[in-house]
$ cat start16.tsv   # TSV, C-alpha atoms
chain	number	residue	atom	x	y	z
A	280	MET	CA	50.97	87.79	125.51
A	281	PHE	CA	54.00	86.50	123.64
A	282	MET	CA	56.00	89.10	121.77
A	283	ILE	CA	58.81	88.56	119.35
A	284	PRO	CA	61.89	90.52	120.46
A	285	PRO	CA	62.75	93.28	117.99
A	286	SER	CA	66.13	91.68	117.30
A	287	GLU	CA	64.35	88.58	116.01
A	288	ASP	CA	61.55	90.36	114.19
A	289	HIS	CA	63.37	91.28	111.02
A	290	THR	CA	60.32	92.13	108.95
A	291	LEU	CA	60.67	95.89	109.25
A	292	ILE	CA	64.40	95.85	108.58
A	293	ARG	CA	63.99	93.60	105.56
A	294	TRP	CA	61.32	95.91	104.16
A	295	ILE	CA	63.48	99.00	104.61
A	296	ASP	CA	66.42	97.32	102.92
A	297	GLY	CA	64.36	95.92	100.06
A	298	GLU	CA	65.19	92.36	101.01
A	299	MET	CA	61.60	91.08	100.73
A	300	ASN	CA	60.13	89.27	97.80
A	301	GLU	CA	57.06	90.74	96.13
A	302	THR	CA	54.55	88.73	98.15
A	303	GLU	CA	56.16	89.58	101.46
A	304	ARG	CA	56.42	93.23	100.54
A	305	LYS	CA	52.76	93.54	99.62
A	306	ALA	CA	51.67	91.79	102.81
A	307	PHE	CA	53.86	94.01	104.94
A	308	GLU	CA	52.69	97.21	103.27
A	309	GLU	CA	49.11	96.09	103.82
A	310	SER	CA	49.83	95.72	107.52
A	311	LEU	CA	51.25	99.24	107.61
A	312	LYS	CA	47.85	100.61	106.67
A	313	SER	CA	46.26	99.25	109.82
A	314	ASP	CA	49.15	99.76	112.23
A	315	THR	CA	49.90	103.46	112.62
A	316	ALA	CA	52.70	102.90	115.13
A	317	LEU	CA	54.46	100.51	112.80
A	318	ALA	CA	53.89	102.88	109.90
A	319	LYS	CA	55.54	105.73	111.80
A	320	GLU	CA	58.43	103.47	112.78
A	321	ALA	CA	58.85	102.44	109.14
A	322	LYS	CA	58.74	106.03	107.96
A	323	ASP	CA	61.32	107.17	110.55
A	324	LEU	CA	63.72	104.36	109.77
A	325	ARG	CA	63.42	104.99	106.05
A	326	ALA	CA	64.18	108.65	106.57
A	327	LEU	CA	67.20	107.72	108.65
A	328	SER	CA	68.39	105.35	105.96
A	329	SER	CA	68.06	108.06	103.33
A	330	SER	CA	70.02	110.50	105.43
A	331	LEU	CA	72.79	108.00	106.00
A	332	ARG	CA	73.12	107.32	102.29
A	333	ALA	CA	73.16	111.03	101.59
A	334	HIS	CA	75.82	111.90	104.12
A	335	LEU	CA	78.09	108.90	103.97
A	336	PRO	CA	79.50	109.12	100.45
A	337	ALA	CA	80.76	105.94	98.86
A	338	GLU	CA	83.69	107.83	97.39
A	339	MET	CA	85.82	110.57	98.91
A	340	THR	CA	88.76	112.62	97.80
A	341	VAL	CA	91.96	111.18	99.23
A	342	PRO	CA	94.09	113.85	100.91
A	343	HIS	CA	97.46	114.24	99.16
A	344	ALA	CA	96.37	111.71	96.56
A	345	ASP	CA	99.60	111.83	94.53
A	346	PHE	CA	101.63	111.24	97.67
A	347	PHE	CA	99.29	108.38	98.55
A	348	ASN	CA	100.16	106.66	95.28
A	349	SER	CA	103.86	107.45	95.38
A	350	GLN	CA	104.17	106.07	98.92
A	351	ILE	CA	102.63	102.81	97.77
A	352	GLY	CA	105.12	102.73	94.92
A	353	VAL	CA	108.03	103.31	97.28
A	354	ARG	CA	106.88	100.57	99.62
A	355	ILE	CA	106.40	98.11	96.79
A	356	ALA	CA	109.87	98.90	95.46
A	357	GLN	CA	111.31	98.48	98.94
A	358	MET	CA	109.56	95.13	99.32
A	359	ASP	CA	110.99	94.01	95.99
A	360	LEU	CA	114.48	95.05	97.05
A	361	ASP	CA	114.12	93.22	100.36
A	362	GLN	CA	112.92	90.14	98.51
A	363	VAL	CA	115.90	90.24	96.15
A	364	ARG	CA	118.28	90.51	99.09
A	365	THR	CA	116.55	87.65	100.91
A	366	ASP	CA	116.59	85.45	97.83
A	367	SER	CA	120.23	86.26	97.23
A	368	THR	CA	121.20	85.37	100.79
A	369	GLU	CA	119.21	82.13	100.70
A	370	ALA	CA	120.69	81.18	97.33
A	371	THR	CA	124.20	81.76	98.65
A	372	TRP	CA	123.68	79.53	101.64
A	373	MET	CA	121.93	76.83	99.63
A	374	SER	CA	124.83	76.83	97.21
A	375	LEU	CA	127.29	76.50	100.06
A	376	ILE	CA	125.34	73.64	101.64
A	377	ARG	CA	125.12	71.76	98.32
A	378	TRP	CA	128.83	72.15	97.87
A	379	MET	CA	129.58	70.88	101.34
A	380	ARG	CA	127.57	67.73	100.61
A	381	GLN	CA	129.84	66.76	97.73
A	382	PRO	CA	131.98	63.63	98.44
A	383	TRP	CA	135.20	65.40	97.58
A	384	PHE	CA	134.55	68.27	99.89
A	385	ALA	CA	135.98	66.58	102.97
A	386	THR	CA	139.31	66.22	101.26
A	387	ALA	CA	139.51	69.91	100.53
A	388	GLY	CA	139.97	70.53	104.22
A	389	ALA	CA	140.00	73.58	106.31
A	390	ALA	CA	141.96	75.68	103.83
A	391	ALA	CA	139.15	75.63	101.30
A	392	LEU	CA	136.65	76.42	104.02
A	393	ALA	CA	138.71	79.40	105.05
A	394	ILE	CA	138.77	80.68	101.49
A	395	LEU	CA	135.01	80.23	101.20
A	396	GLY	CA	134.55	82.02	104.45
A	397	PHE	CA	136.53	84.95	103.14
A	398	ILE	CA	134.53	85.04	99.95
A	399	PHE	CA	131.15	84.90	101.58
A	400	PHE	CA	131.73	86.96	104.66
A	401	ARG	CA	133.92	89.77	103.47
A	402	PRO	CA	132.36	93.20	103.81
A	403	SER	CA	130.39	94.36	100.82
A	404	GLY	CA	132.42	97.04	99.14
A	405	ASP	CA	130.55	99.78	97.38
A	406	VAL	CA	127.47	100.53	99.43
A	407	ALA	CA	126.43	103.31	97.11
A	408	ALA	CA	126.39	100.94	94.15
A	409	GLN	CA	123.65	98.93	95.91
A	410	SER	CA	121.50	101.97	96.49
A	411	MET	CA	118.89	103.41	94.25
A	412	ILE	CA	116.71	106.47	94.35
A	413	LEU	CA	113.13	105.27	94.42
A	414	SER	CA	111.39	108.57	94.00
A	415	SER	CA	112.06	112.27	93.96
A	416	TYR	CA	108.41	113.11	94.56
A	417	THR	CA	107.68	116.06	96.84
A	418	PRO	CA	104.15	116.57	98.21
A	419	ASP	CA	104.62	120.32	98.00
A	420	THR	CA	104.87	121.25	94.33
A	421	ARG	CA	106.83	124.40	95.24
A	422	ILE	CA	109.73	122.21	96.32
A	423	GLN	CA	111.98	120.46	93.83
A	424	ALA	CA	114.01	117.44	94.88
A	425	ARG	CA	117.25	116.53	93.12
A	426	ALA	CA	119.92	114.00	93.97
A	427	PHE	CA	123.61	113.88	93.01
A	428	HIS	CA	125.93	110.98	93.68
A	429	ASP	CA	129.71	111.29	93.70
A	430	ASP	CA	131.59	107.99	93.50
A	431	GLY	CA	134.83	109.66	94.46
A	432	ALA	CA	133.37	111.13	97.62
A	433	GLY	CA	131.22	108.09	98.24
A	434	ALA	CA	128.31	110.36	98.98
A	435	THR	CA	124.88	111.29	97.69
A	436	VAL	CA	123.63	114.82	98.11
A	437	LEU	CA	119.93	115.61	98.16
A	438	LEU	CA	118.93	119.12	97.16
A	439	LEU	CA	115.50	120.31	98.23
A	440	ASP	CA	114.96	123.63	96.48
A	441	GLY	CA	112.22	125.72	97.98
A	442	LEU	CA	112.38	124.48	101.58
A	443	ASP	CA	112.78	126.88	104.43
A	444	ALA	CA	116.20	126.95	106.04
A	445	ILE	CA	116.74	124.17	108.55
A	446	PRO	CA	116.74	125.59	112.10
A	447	ALA	CA	120.14	125.87	113.74
A	448	ASP	CA	119.19	123.42	116.47
A	449	LYS	CA	118.67	120.64	113.93
A	450	LYS	CA	122.18	119.23	113.83
A	451	ILE	CA	122.06	117.10	110.75
A	452	SER	CA	125.03	118.51	108.81
A	453	GLY	CA	128.25	116.60	108.75
A	454	ILE	CA	126.70	113.26	109.64
A	455	ASP	CA	128.37	110.29	108.01
A	456	VAL	CA	125.44	108.14	106.98
A	457	ARG	CA	126.53	104.61	106.18
A	458	ARG	CA	123.28	102.75	105.80
A	459	SER	CA	119.54	103.10	106.16
A	460	GLU	CA	116.66	100.90	107.18
A	461	MET	CA	113.13	101.37	105.99
A	462	GLU	CA	110.17	100.22	108.04
A	463	PRO	CA	107.24	99.92	105.65
A	464	GLU	CA	104.78	99.29	108.46
A	465	VAL	CA	105.28	102.79	109.82
A	466	ALA	CA	106.63	104.31	106.62
A	467	SER	CA	109.79	105.53	108.28
A	468	MET	CA	113.45	105.44	107.38
A	469	THR	CA	116.28	105.38	109.93
A	470	LEU	CA	119.81	106.41	108.99
A	471	TYR	CA	122.86	104.96	110.77
A	472	ASP	CA	126.43	106.18	111.00
A	473	ALA	CA	129.65	104.13	110.89
A	474	ASN	CA	129.20	103.20	114.55
A	475	GLU	CA	125.74	101.79	113.89
A	476	SER	CA	124.23	104.64	115.84
A	477	GLN	CA	120.94	106.12	114.72
A	478	VAL	CA	121.54	109.61	113.42
A	479	LEU	CA	118.29	110.50	111.75
A	480	MET	CA	114.80	109.14	111.42
A	481	ILE	CA	112.56	110.32	108.62
A	482	SER	CA	108.87	109.60	108.81
A	483	ARG	CA	105.66	111.44	108.19
A	484	ASP	CA	102.58	112.37	110.11
A	485	GLY	CA	99.07	111.25	109.34
A	486	LEU	CA	98.66	113.84	106.63
A	487	GLY	CA	101.88	112.82	104.93
A	488	THR	CA	103.96	115.76	106.12
A	489	PRO	CA	107.59	114.65	106.51
A	490	LEU	CA	108.92	114.49	110.06
A	491	ILE	CA	112.65	114.53	110.75
A	492	SER	CA	113.97	113.43	114.12
A	493	PRO	CA	117.72	114.10	114.25
A	494	ARG	CA	119.89	112.76	117.04
A	495	GLY	CA	120.01	115.15	119.97
B	235	MET	CA	104.95	105.51	90.47
B	236	PRO	CA	104.66	108.21	87.88
B	237	ALA	CA	101.48	110.20	87.74
B	238	SER	CA	101.41	109.84	83.97
B	239	ALA	CA	100.64	106.15	84.35
B	240	ALA	CA	97.05	107.01	85.15
B	241	THR	CA	96.60	108.85	81.87
B	242	ASP	CA	98.25	106.13	79.82
B	243	LEU	CA	96.28	103.23	81.24
B	244	GLY	CA	93.20	104.98	82.55
B	245	GLU	CA	90.78	103.32	80.15
B	246	VAL	CA	92.19	99.81	80.48
B	247	PRO	CA	89.75	97.34	82.14
B	248	ASP	CA	90.49	96.07	85.63
B	249	LEU	CA	91.16	92.56	84.45
B	250	ASP	CA	93.93	93.62	82.09
B	251	LEU	CA	95.47	95.85	84.73
B	252	VAL	CA	95.37	93.02	87.23
B	253	LYS	CA	97.10	90.67	84.79
B	254	ARG	CA	99.80	93.23	84.18
B	255	SER	CA	100.16	93.86	87.89
B	256	GLN	CA	100.49	90.15	88.54
B	257	ALA	CA	103.35	90.19	86.05
B	258	GLY	CA	105.03	92.88	88.16
B	259	ASP	CA	103.89	96.00	86.29
B	260	THR	CA	103.70	98.63	89.03
B	261	ARG	CA	102.37	101.23	86.58
B	262	ALA	CA	99.30	99.09	86.00
B	263	PHE	CA	98.85	98.69	89.74
B	264	ASP	CA	99.19	102.45	90.14
B	265	VAL	CA	96.21	102.89	87.83
B	266	LEU	CA	94.19	100.49	89.96
B	267	VAL	CA	95.19	102.45	93.05
B	268	THR	CA	94.09	105.70	91.40
B	269	ARG	CA	90.84	104.12	90.24
B	270	TYR	CA	89.76	102.79	93.62
B	271	ARG	CA	91.55	104.88	96.25
B	272	GLY	CA	88.56	107.19	96.70
B	273	ARG	CA	86.17	104.35	97.42
B	274	ILE	CA	88.57	102.45	99.63
B	275	TYR	CA	89.46	105.60	101.54
B	276	ALA	CA	85.77	106.42	102.02
B	277	MET	CA	85.16	103.00	103.49
B	278	THR	CA	88.13	103.17	105.86
B	279	TYR	CA	87.20	106.73	106.82
B	280	HIS	CA	83.60	105.84	107.63
B	281	LEU	CA	84.71	102.87	109.70
B	282	ILE	CA	87.60	104.55	111.49
B	283	GLN	CA	86.27	108.14	111.69
B	284	ASN	CA	89.78	109.54	111.58
B	285	GLU	CA	91.29	111.03	108.45
B	286	ALA	CA	94.93	110.21	109.16
B	287	GLU	CA	94.30	106.64	110.27
B	288	ALA	CA	91.94	106.06	107.37
B	289	TRP	CA	94.61	107.31	104.96
B	290	ASP	CA	97.18	104.88	106.39
B	291	LEU	CA	94.77	101.95	106.43
B	292	ALA	CA	93.68	102.55	102.85
B	293	GLN	CA	97.32	102.52	101.84
B	294	GLU	CA	97.91	99.37	103.86
B	295	ALA	CA	95.03	97.72	102.03
B	296	PHE	CA	96.61	98.42	98.66
B	297	ILE	CA	99.99	97.12	99.85
B	298	LYS	CA	98.36	93.94	101.09
B	299	ALA	CA	96.52	93.62	97.80
B	300	TRP	CA	99.79	93.91	95.90
B	301	ARG	CA	101.32	91.17	98.04
B	302	ALA	CA	98.29	88.95	97.55
B	303	LEU	CA	97.90	89.58	93.82
B	304	PRO	CA	99.58	86.29	92.82
B	305	ASN	CA	96.72	84.50	94.59
B	306	PHE	CA	93.97	86.60	93.02
B	307	LYS	CA	91.68	84.56	90.78
B	308	LEU	CA	90.88	86.40	87.60
B	309	ASP	CA	87.27	85.21	87.57
B	310	ALA	CA	86.52	87.37	90.62
B	311	GLY	CA	85.84	91.10	90.64
B	312	PHE	CA	88.96	93.04	91.57
B	313	TYR	CA	87.16	95.73	93.52
B	314	THR	CA	85.16	93.19	95.53
B	315	TRP	CA	88.40	91.42	96.38
B	316	LEU	CA	90.17	94.67	97.20
B	317	TYR	CA	87.24	95.84	99.27
B	318	ARG	CA	87.35	92.67	101.34
B	319	ILE	CA	91.04	93.25	102.06
B	320	ALA	CA	90.45	96.89	103.01
B	321	HIS	CA	87.51	95.95	105.17
B	322	ASN	CA	89.51	93.32	107.04
B	323	VAL	CA	92.43	95.72	107.54
B	324	SER	CA	90.14	98.41	108.91
B	325	TYR	CA	88.05	96.15	111.06
B	326	ASP	CA	91.13	94.50	112.56
B	327	TRP	CA	92.42	97.95	113.43
B	328	LEU	CA	89.09	98.91	114.90
B	329	ARG	CA	88.99	95.83	117.08
B	330	LYS	CA	92.54	96.39	118.25
B	331	LYS	CA	91.78	99.94	119.18
B	332	LYS	CA	88.62	98.77	120.93
B	333	ILE	CA	86.81	101.93	120.06
B	334	GLN	CA	83.74	101.91	122.24
B	335	GLY	CA	80.33	103.15	121.22
B	336	ASP	CA	80.27	105.62	124.12
B	337	GLY	CA	83.66	107.06	123.30
B	338	GLU	CA	84.18	110.75	122.98
B	339	PHE	CA	83.81	112.22	119.58
B	340	ASP	CA	86.17	114.75	118.09
B	341	ASP	CA	84.34	117.24	115.91
B	342	GLU	CA	87.43	117.74	113.80
B	343	ARG	CA	87.18	114.15	112.71
B	344	THR	CA	84.04	114.84	110.79
B	345	GLU	CA	85.68	117.05	108.25
B	346	HIS	CA	85.80	115.11	105.04
B	347	ARG	CA	85.78	115.74	101.36
B	348	VAL	CA	83.20	114.31	99.03
B	349	ALA	CA	84.61	113.39	95.66
B	350	ALA	CA	83.37	115.30	92.68
B	351	GLY	CA	80.56	113.33	91.11
B	352	ALA	CA	80.21	111.05	94.11
B	353	GLU	CA	76.69	109.97	94.93
B	354	ALA	CA	75.56	112.16	97.78
B	355	THR	CA	71.89	112.66	97.33
B	356	PRO	CA	69.07	110.71	98.91
B	357	LYS	CA	67.24	108.15	96.84
B	358	GLY	CA	63.51	108.33	97.12
B	359	ASP	CA	62.49	109.24	100.63
B	360	VAL	CA	62.46	112.74	101.98
B	361	ALA	CA	65.40	113.38	104.29
B	362	PRO	CA	65.09	115.87	107.15
B	363	ASP	CA	67.56	118.20	105.55
B	364	THR	CA	65.10	121.07	105.49
B	365	ALA	CA	65.64	121.87	109.17
B	366	LEU	CA	69.39	121.65	109.21
B	367	ARG	CA	71.85	122.55	106.60
B	368	ASN	CA	73.42	119.55	104.90
B	369	SER	CA	76.77	120.10	106.48
B	370	GLU	CA	75.33	120.28	109.97
B	371	LEU	CA	73.31	117.14	109.50
B	372	GLY	CA	76.33	115.45	108.00
B	373	GLN	CA	78.34	116.25	111.10
B	374	ARG	CA	75.59	114.98	113.35
B	375	ILE	CA	75.42	111.74	111.41
B	376	GLN	CA	79.18	111.30	111.47
B	377	ALA	CA	79.15	111.92	115.22
B	378	ALA	CA	76.40	109.38	115.71
B	379	ILE	CA	78.20	106.82	113.57
B	380	ALA	CA	81.38	107.33	115.59
B	381	LYS	CA	79.52	106.42	118.77
B	382	LEU	CA	78.36	103.07	117.44
B	383	SER	CA	80.19	99.92	118.43
B	384	PRO	CA	82.56	98.54	115.76
B	385	GLU	CA	80.10	95.75	114.95
B	386	HIS	CA	77.17	98.09	114.46
B	387	ARG	CA	79.22	100.63	112.56
B	388	GLN	CA	80.45	97.88	110.29
B	389	VAL	CA	77.02	96.67	109.17
B	390	ILE	CA	75.69	100.19	108.72
B	391	ILE	CA	78.60	101.11	106.45
B	392	LEU	CA	78.34	97.90	104.47
B	393	ARG	CA	74.61	98.34	103.99
B	394	GLU	CA	74.07	102.08	103.65
B	395	VAL	CA	77.32	103.12	101.99
B	396	GLU	CA	78.28	100.08	99.97
B	397	GLY	CA	74.75	98.84	99.41
B	398	LEU	CA	75.68	95.23	100.06
B	399	ALA	CA	72.91	92.64	100.33
B	400	TYR	CA	72.43	90.80	103.62
B	401	GLU	CA	74.07	87.68	102.28
B	402	GLU	CA	77.10	89.64	101.12
B	403	ILE	CA	77.43	91.30	104.52
B	404	ALA	CA	77.10	87.97	106.29
B	405	ALA	CA	79.84	86.50	104.12
B	406	LEU	CA	82.14	89.47	104.61
B	407	VAL	CA	81.82	89.92	108.39
B	408	PRO	CA	81.37	86.82	108.71
B	409	CYS	CA	78.22	86.04	110.67
B	410	SER	CA	74.72	84.66	110.19
B	411	LEU	CA	71.96	86.44	108.29
B	412	GLY	CA	70.04	86.78	111.53
B	413	THR	CA	72.99	88.53	113.15
B	414	VAL	CA	73.24	90.93	110.22
B	415	MET	CA	69.59	91.88	110.57
B	416	SER	CA	69.78	92.19	114.35
B	417	ARG	CA	72.85	94.39	114.18
B	418	LEU	CA	71.25	96.56	111.51
B	419	PHE	CA	68.16	96.90	113.64
B	420	TYR	CA	69.99	97.92	116.79
B	421	ALA	CA	72.47	100.12	114.93
B	422	ARG	CA	69.60	102.06	113.38
B	423	LYS	CA	67.78	102.35	116.66
B	424	LYS	CA	70.89	103.78	118.29
B	425	LEU	CA	71.35	106.22	115.45
B	426	GLN	CA	67.73	107.17	115.73
B	427	GLU	CA	68.14	107.88	119.44
B	428	GLN	CA	71.13	110.09	118.84
B	429	LEU	CA	69.47	111.95	115.99
B	430	GLN	CA	66.08	112.07	117.60
B	431	ASP	CA	65.93	115.86	117.86
B	432	VAL	CA	66.63	116.15	114.15
B	433	TYR	CA	63.79	113.84	113.23
B	434	ASP	CA	61.37	115.21	115.81
B	435	THR	CA	61.84	118.62	114.26
B	436	THR	CA	61.32	117.56	110.72
B	437	LEU	CA	58.98	114.60	110.59
$ encode --input "start16.tsv" --output "structure tokens"
Amino acid sequence: MFMIPPSEDHTLIRWIDGEMNETERKAFEESLKSDTALAKEAKDLRALSSSLRAHLPAEMTVPHADFFNSQIGVRIAQMDLDQVRTDSTEATWMSLIRWMRQPWFATAGAAALAILGFIFFRPSGDVAAQSMILSSYTPDTRIQARAFHDDGAGATVLLLDGLDAIPADKKISGIDVRRSEMEPEVASMTLYDANESQVLMISRDGLGTPLISPRG
Amino acid sequence: MPASAATDLGEVPDLDLVKRSQAGDTRAFDVLVTRYRGRIYAMTYHLIQNEAEAWDLAQEAFIKAWRALPNFKLDAGFYTWLYRIAHNVSYDWLRKKKIQGDGEFDDERTEHRVAAGAEATPKGDVAPDTALRNSELGQRIQAAIAKLSPEHRQVIILREVEGLAYEEIAALVPCSLGTVMSRLFYARKKLQEQLQDVYDTTL
């Protein structure tokens, strides 16, 4: 006797999921009356389907929902900053290339090139002026974050009121942070000192709790 | 993004928020995030079965959506478009992790929070909730879902949670209609096997 494999006999599944037209549905329900095994199978699968819908909610409360949003905001702002920097760099080089293609450029000679080189490759001066505070959000409402920048000292101080004291073995005081890199993919920020050494990495765990990994 | 954005723009239709987001208005996008984060997170959670990973993947989906917004056609539904992105992000992750159907299940993973007002009651048929408390049955179901293969878990979530029609599932996965039905069949049979004691007791 030839039997259709269950994987190819989609009648029952289509009935459970309401994917039959009216004619098909009536015919199938008629067959259920005479086939007790099929009727039990249909009843069991329908009960399973109901349970799944009941216990797999289509909407759930997002843990740390405010932090969820603020992190997205930070990453978008960081992407925008990166894009601005990329565009700026590309525009600078395109401008230089266009200039070099001018007929008179060859006559300007090496002296002009040296001047251009100085202009384009000199170190950027005020690092702090290029920085911006993206957010002072703290996931724990008992903690207040404030930032102060001092041009004279060339430093920004972050005050986190309400945090427990940092353990003595976390040697993060006195570090001269010169630049930072953010990795949006892993939502972490790495701080570097004047020697380009990593001094601190700030990230978070799966629940959004900040993790600090100081050097040493 | 300021939390007040949600209260200012909360009643604005998706389409207007999308237009403003496309123009670079992050406050408008923040409202869209607030509006759909619960649904997107639920989908990633059901697929991944891990709260922390689901949280990250839901966030990744919104970031990808922001990047892709310039290409979004305004004649399409924003949530459908967003859902597709979130689904692809989650399913890619699932495939990379190669979570197997016979993998061990961590009971702690099942702890989840149902949003206030979320639909969480059976429609129509009698569920076997009389023998087990809802929470216990919920944990059993989550455990059974976690043991499904990524392909089977995917179609079950798309059908039972999102209520997508076969054609919509086939387009999203993508695969043929026959494959959708076969996977649904086998996924349900596997769930039935794992929950057999529950149903034997109550039916």
$ residues_around --input "start16.tsv" --residues "Trp294 (chain A)" --least-positions-apart "6" --cutoff "9 Å" --atoms "only C-alpha atoms" --output "PyMOL selection string"
chain A and resi 303-304+307-308+321
$ atom_distance --input "start16.tsv" --atom1 "CA of Lys253 (chain B)" --atom2 "CA of Phe306 (chain B)"
9.7 Å
$ interface_residues --input "start16.tsv" --of "chain A" --to "chain B" --cutoff "6 Å" --atoms "all atoms listed in the file" --output "number ranges by chain"
A: 286, 326, 329-330, 332-334, 336-341, 349, 352, 485-486
$ atom_distance --input "start16.tsv" --atom1 "CA of Ala380 (chain B)" --atom2 "CA of Leu291 (chain B)"
17.1 Å
$ atom_distance --input "start16.tsv" --atom1 "CA of Gln256 (chain B)" --atom2 "CA of Ser459 (chain A)"
29.0 Å
$ axis_aligned_box --input "start16.tsv" --around "region 311-322 of chain B" --padding-each-side "3 Å" --output "AutoDock Vina command-line options"
--center_x 88.1 --center_y 94.0 --center_z 98.8 --size_x 11.9 --size_y 11.8 --size_z 22.4
